[in-house]
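Right, one structure below, let's go through it.
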Amino acid sequence: MMVRATGTIKFDTWDEQPYDEISRESRLARAVVTNQYCGDIDGHARLEYLMFYSNANTIRFVGLERIVGHIGSKSGGFVLQHVGVFQESRSESVLSVLPHSGTGGLRDLIGSGSITWIGGRGNPPDYILDYDFESYREELIPVVK
């Protein structure tokens, strides 16, 4: 049964560097970000984004983020995949817990969710993560004699 975790994210650091200029308005960039998750997820995270700045003032991004901390009474780490868009002071991304990325008490974590941020430095992004724990079974390959 899925449980919903909600809360906010506090950006600690943001280090962005362009790596390819496509045109005067379009470019590719990479950002390394550190975050603090507050709420039902309590932990710190490191996130790496790859971003496409289009000439329509829209930024599309993908990222991988490793979070270490607590969800409820369980502690450990896991990796979230981000896919999203930033446009007109609003950012929305879809989250997926990467299979087999959990460690410690979060070893069998599965789930998906979203992050929404509406403009302004003082407004922290809100997250939703619907999650559960699933035991993964290693498939045994039969030995042929």
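As shown in the structure tokens, the chain order sets the letters A, B, ...; within each chain, residues go from 1, and ligands are also counted from 1 in the order they appear.
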
Tell me which protein, DNA and RNA residues are within 12 Å of Gly111 of chain A, counting only C-alpha atoms, leaving out same-chain ones fewer than 2 positions away, and put them as a PyMOL selection string. chain A and resi 1-5+78-81+94-102+106+108-109+113-114+128-134

Residues from last step as file, N, CA, C and O atoms, as a compact mmCIF listing (two decimals), in the first residue's frame:
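As a result, selection-v4.txt now contains:
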```txt
# COMPACT_ATOMS: atom_id res chain seq x y z
N MET A 1 0.84 -1.18 0.00
CA MET A 1 0.00 0.00 0.00
C MET A 1 0.88 1.24 0.00
O MET A 1 1.75 1.40 0.85
N MET A 2 0.69 2.12 -0.96
CA MET A 2 1.48 3.34 -1.09
C MET A 2 1.16 4.31 0.05
O MET A 2 0.03 4.44 0.48
N VAL A 3 2.21 4.97 0.52
CA VAL A 3 2.11 6.01 1.54
C VAL A 3 2.56 7.30 0.88
O VAL A 3 3.50 7.30 0.07
N ARG A 4 1.94 8.43 1.21
CA ARG A 4 2.31 9.71 0.62
C ARG A 4 3.20 10.50 1.58
O ARG A 4 2.83 10.74 2.72
N ALA A 5 4.37 10.89 1.09
CA ALA A 5 5.28 11.77 1.82
C ALA A 5 5.20 13.16 1.18
O ALA A 5 5.23 13.27 -0.05
N PHE A 78 18.57 6.69 -1.15
CA PHE A 78 17.95 6.25 -2.40
C PHE A 78 18.18 7.30 -3.47
O PHE A 78 18.59 8.43 -3.16
N VAL A 79 17.92 6.93 -4.72
CA VAL A 79 18.14 7.82 -5.85
C VAL A 79 16.81 8.14 -6.51
O VAL A 79 16.02 7.24 -6.81
N LEU A 80 16.58 9.45 -6.75
CA LEU A 80 15.42 9.93 -7.48
C LEU A 80 15.84 10.37 -8.87
O LEU A 80 16.87 11.03 -9.03
N GLN A 81 15.03 10.03 -9.86
CA GLN A 81 15.19 10.55 -11.20
C GLN A 81 14.21 11.72 -11.37
O GLN A 81 13.05 11.60 -11.00
N VAL A 94 8.67 15.48 -12.62
CA VAL A 94 8.15 14.16 -12.26
C VAL A 94 9.31 13.39 -11.65
O VAL A 94 10.43 13.41 -12.16
N LEU A 95 9.04 12.70 -10.55
CA LEU A 95 10.06 11.95 -9.82
C LEU A 95 9.79 10.46 -9.92
O LEU A 95 8.64 10.02 -9.90
N SER A 96 10.87 9.69 -9.98
CA SER A 96 10.79 8.23 -9.91
C SER A 96 11.93 7.74 -9.03
O SER A 96 13.08 8.14 -9.21
N VAL A 97 11.60 6.88 -8.07
CA VAL A 97 12.65 6.22 -7.29
C VAL A 97 13.27 5.17 -8.20
O VAL A 97 12.56 4.34 -8.77
N LEU A 98 14.58 5.23 -8.38
CA LEU A 98 15.23 4.25 -9.25
C LEU A 98 15.28 2.88 -8.56
O LEU A 98 15.69 2.79 -7.40
N PRO A 99 14.83 1.84 -9.26
CA PRO A 99 14.83 0.50 -8.68
C PRO A 99 16.23 0.09 -8.21
O PRO A 99 17.22 0.41 -8.87
N HIS A 100 16.27 -0.56 -7.09
CA HIS A 100 17.51 -1.11 -6.51
C HIS A 100 18.49 -0.03 -6.05
O HIS A 100 19.66 -0.34 -5.82
N SER A 101 18.03 1.22 -5.90
CA SER A 101 18.93 2.29 -5.47
C SER A 101 18.92 2.49 -3.96
O SER A 101 19.78 3.19 -3.44
N GLY A 102 17.99 1.88 -3.26
CA GLY A 102 17.87 2.08 -1.82
C GLY A 102 18.96 1.38 -1.02
O GLY A 102 19.44 0.31 -1.41
N LEU A 106 16.01 1.77 3.70
CA LEU A 106 15.26 2.16 2.50
C LEU A 106 15.61 1.27 1.31
O LEU A 106 15.32 1.59 0.17
N ASP A 108 14.44 -1.42 -0.06
CA ASP A 108 13.40 -1.90 -0.98
C ASP A 108 12.41 -0.80 -1.37
O ASP A 108 11.28 -1.08 -1.76
N LEU A 109 12.85 0.46 -1.28
CA LEU A 109 11.96 1.59 -1.58
C LEU A 109 11.59 1.62 -3.07
O LEU A 109 12.45 1.45 -3.94
N GLY A 113 6.58 10.53 -7.77
CA GLY A 113 5.98 11.74 -7.24
C GLY A 113 6.27 12.93 -8.12
O GLY A 113 6.48 12.80 -9.32
N SER A 114 6.30 14.11 -7.47
CA SER A 114 6.50 15.34 -8.22
C SER A 114 7.09 16.42 -7.31
O SER A 114 7.01 16.33 -6.08
N ILE A 128 6.00 15.80 -3.41
CA ILE A 128 5.09 14.70 -3.09
C ILE A 128 5.79 13.43 -3.55
O ILE A 128 6.29 13.38 -4.68
N LEU A 129 5.86 12.43 -2.68
CA LEU A 129 6.42 11.14 -3.08
C LEU A 129 5.51 10.05 -2.54
O LEU A 129 5.34 9.92 -1.33
N ASP A 130 4.89 9.31 -3.45
CA ASP A 130 4.09 8.15 -3.08
C ASP A 130 5.02 6.95 -3.10
O ASP A 130 5.62 6.65 -4.13
N TYR A 131 5.15 6.27 -1.95
CA TYR A 131 6.16 5.22 -1.85
C TYR A 131 5.63 3.99 -1.12
O TYR A 131 4.61 4.03 -0.44
N ASP A 132 6.38 2.92 -1.28
CA ASP A 132 6.11 1.66 -0.61
C ASP A 132 7.45 0.90 -0.56
O ASP A 132 8.45 1.37 -1.09
N PHE A 133 7.42 -0.24 0.06
CA PHE A 133 8.61 -1.09 0.13
C PHE A 133 8.26 -2.43 -0.48
O PHE A 133 7.23 -3.01 -0.17
N GLU A 134 9.12 -2.88 -1.38
CA GLU A 134 8.87 -4.12 -2.10
C GLU A 134 10.13 -4.97 -2.03
O GLU A 134 11.21 -4.48 -2.33
```

List the neighbours of segment 24-35 of chain A out to 12 Å using only C-alpha atoms; skip same-chain residues closer than 4 positions along the sequence, and give me the result as a ChimeraX atom specification. /A:8-20,41-69,124-125

Taking the DSSP assignment computed from this structure's backbone, write out as a PyMOL selection string all residues of segment 79-140 of chain A that belong to strand (DSSP E or B). chain A and resi 79-87+90-97+103-104+109-118+126-133

Only N, CA and C atoms, please: the residues just picked out, written as a CSV table (one decimal), in the first residue's frame.
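What follows is the written file result11.csv:
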```
chain,number,residue,atom,x,y,z
A,79,VAL,N,17.9,6.9,-4.7
A,79,VAL,CA,18.1,7.8,-5.9
A,79,VAL,C,16.8,8.1,-6.5
A,80,LEU,N,16.6,9.5,-6.7
A,80,LEU,CA,15.4,9.9,-7.5
A,80,LEU,C,15.8,10.4,-8.9
A,81,GLN,N,15.0,10.0,-9.9
A,81,GLN,CA,15.2,10.6,-11.2
A,81,GLN,C,14.2,11.7,-11.4
A,82,HIS,N,14.7,12.9,-11.9
A,82,HIS,CA,13.9,14.0,-12.2
A,82,HIS,C,13.7,14.2,-13.7
A,83,VAL,N,12.5,14.6,-14.1
A,83,VAL,CA,12.3,15.0,-15.5
A,83,VAL,C,11.3,16.1,-15.4
A,84,GLY,N,11.7,17.3,-16.0
A,84,GLY,CA,10.9,18.4,-15.8
A,84,GLY,C,11.1,19.6,-16.7
A,85,VAL,N,10.3,20.7,-16.4
A,85,VAL,CA,10.4,21.9,-17.2
A,85,VAL,C,10.2,23.1,-16.3
A,86,PHE,N,11.0,24.2,-16.6
A,86,PHE,CA,10.9,25.4,-16.0
A,86,PHE,C,10.4,26.4,-17.0
A,87,GLN,N,9.3,27.2,-16.7
A,87,GLN,CA,8.8,28.1,-17.6
A,87,GLN,C,8.0,29.2,-16.8
A,90,ARG,N,7.9,29.1,-13.0
A,90,ARG,CA,7.3,27.9,-12.4
A,90,ARG,C,8.1,26.7,-12.9
A,91,SER,N,8.3,25.8,-12.0
A,91,SER,CA,9.1,24.5,-12.3
A,91,SER,C,8.2,23.4,-11.8
A,92,GLU,N,8.1,22.4,-12.7
A,92,GLU,CA,7.4,21.1,-12.3
A,92,GLU,C,8.3,20.0,-12.8
A,93,SER,N,8.4,19.0,-12.0
A,93,SER,CA,9.2,17.8,-12.4
A,93,SER,C,8.5,16.5,-11.8
A,94,VAL,N,8.7,15.5,-12.6
A,94,VAL,CA,8.2,14.2,-12.3
A,94,VAL,C,9.3,13.4,-11.6
A,95,LEU,N,9.0,12.7,-10.5
A,95,LEU,CA,10.1,11.9,-9.8
A,95,LEU,C,9.8,10.5,-9.9
A,96,SER,N,10.9,9.7,-10.0
A,96,SER,CA,10.8,8.2,-9.9
A,96,SER,C,11.9,7.7,-9.0
A,97,VAL,N,11.6,6.9,-8.1
A,97,VAL,CA,12.6,6.2,-7.3
A,97,VAL,C,13.3,5.2,-8.2
A,103,THR,N,19.3,2.0,0.1
A,103,THR,CA,20.3,1.4,1.0
A,103,THR,C,19.8,1.5,2.4
A,104,GLY,N,20.4,0.7,3.3
A,104,GLY,CA,19.9,0.7,4.7
A,104,GLY,C,18.5,0.3,4.8
A,109,LEU,N,12.8,0.5,-1.3
A,109,LEU,CA,12.0,1.6,-1.6
A,109,LEU,C,11.6,1.6,-3.1
A,110,ILE,N,10.3,1.8,-3.3
A,110,ILE,CA,9.8,2.1,-4.7
A,110,ILE,C,8.9,3.3,-4.6
A,111,GLY,N,8.7,4.0,-5.7
A,111,GLY,CA,7.8,5.1,-5.6
A,111,GLY,C,7.9,6.1,-6.8
A,112,SER,N,7.0,7.1,-6.8
A,112,SER,CA,7.0,8.2,-7.7
A,112,SER,C,6.3,9.4,-7.1
A,113,GLY,N,6.6,10.5,-7.8
A,113,GLY,CA,6.0,11.7,-7.2
A,113,GLY,C,6.3,12.9,-8.1
A,114,SER,N,6.3,14.1,-7.5
A,114,SER,CA,6.5,15.3,-8.2
A,114,SER,C,7.1,16.4,-7.3
A,115,ILE,N,7.7,17.4,-8.0
A,115,ILE,CA,8.1,18.6,-7.3
A,115,ILE,C,7.6,19.8,-8.0
A,116,THR,N,7.0,20.8,-7.3
A,116,THR,CA,6.5,22.0,-7.9
A,116,THR,C,7.1,23.2,-7.2
A,117,TRP,N,7.5,24.1,-8.0
A,117,TRP,CA,8.1,25.4,-7.4
A,117,TRP,C,7.5,26.5,-8.2
A,118,ILE,N,7.0,27.5,-7.5
A,118,ILE,CA,6.4,28.7,-8.1
A,118,ILE,C,7.2,29.9,-7.7
A,126,ASP,N,7.8,22.4,-3.3
A,126,ASP,CA,7.0,21.4,-2.6
A,126,ASP,C,7.2,20.1,-3.3
A,127,TYR,N,7.3,19.0,-2.5
A,127,TYR,CA,7.4,17.7,-3.1
A,127,TYR,C,6.3,16.8,-2.6
A,128,ILE,N,6.0,15.8,-3.4
A,128,ILE,CA,5.1,14.7,-3.1
A,128,ILE,C,5.8,13.4,-3.6
A,129,LEU,N,5.9,12.4,-2.7
A,129,LEU,CA,6.4,11.1,-3.1
A,129,LEU,C,5.5,10.1,-2.5
A,130,ASP,N,4.9,9.3,-3.5
A,130,ASP,CA,4.1,8.2,-3.1
A,130,ASP,C,5.0,6.9,-3.1
A,131,TYR,N,5.1,6.3,-2.0
A,131,TYR,CA,6.2,5.2,-1.9
A,131,TYR,C,5.6,4.0,-1.1
A,132,ASP,N,6.4,2.9,-1.3
A,132,ASP,CA,6.1,1.7,-0.6
A,132,ASP,C,7.4,0.9,-0.6
A,133,PHE,N,7.4,-0.2,0.1
A,133,PHE,CA,8.6,-1.1,0.1
A,133,PHE,C,8.3,-2.4,-0.5
```
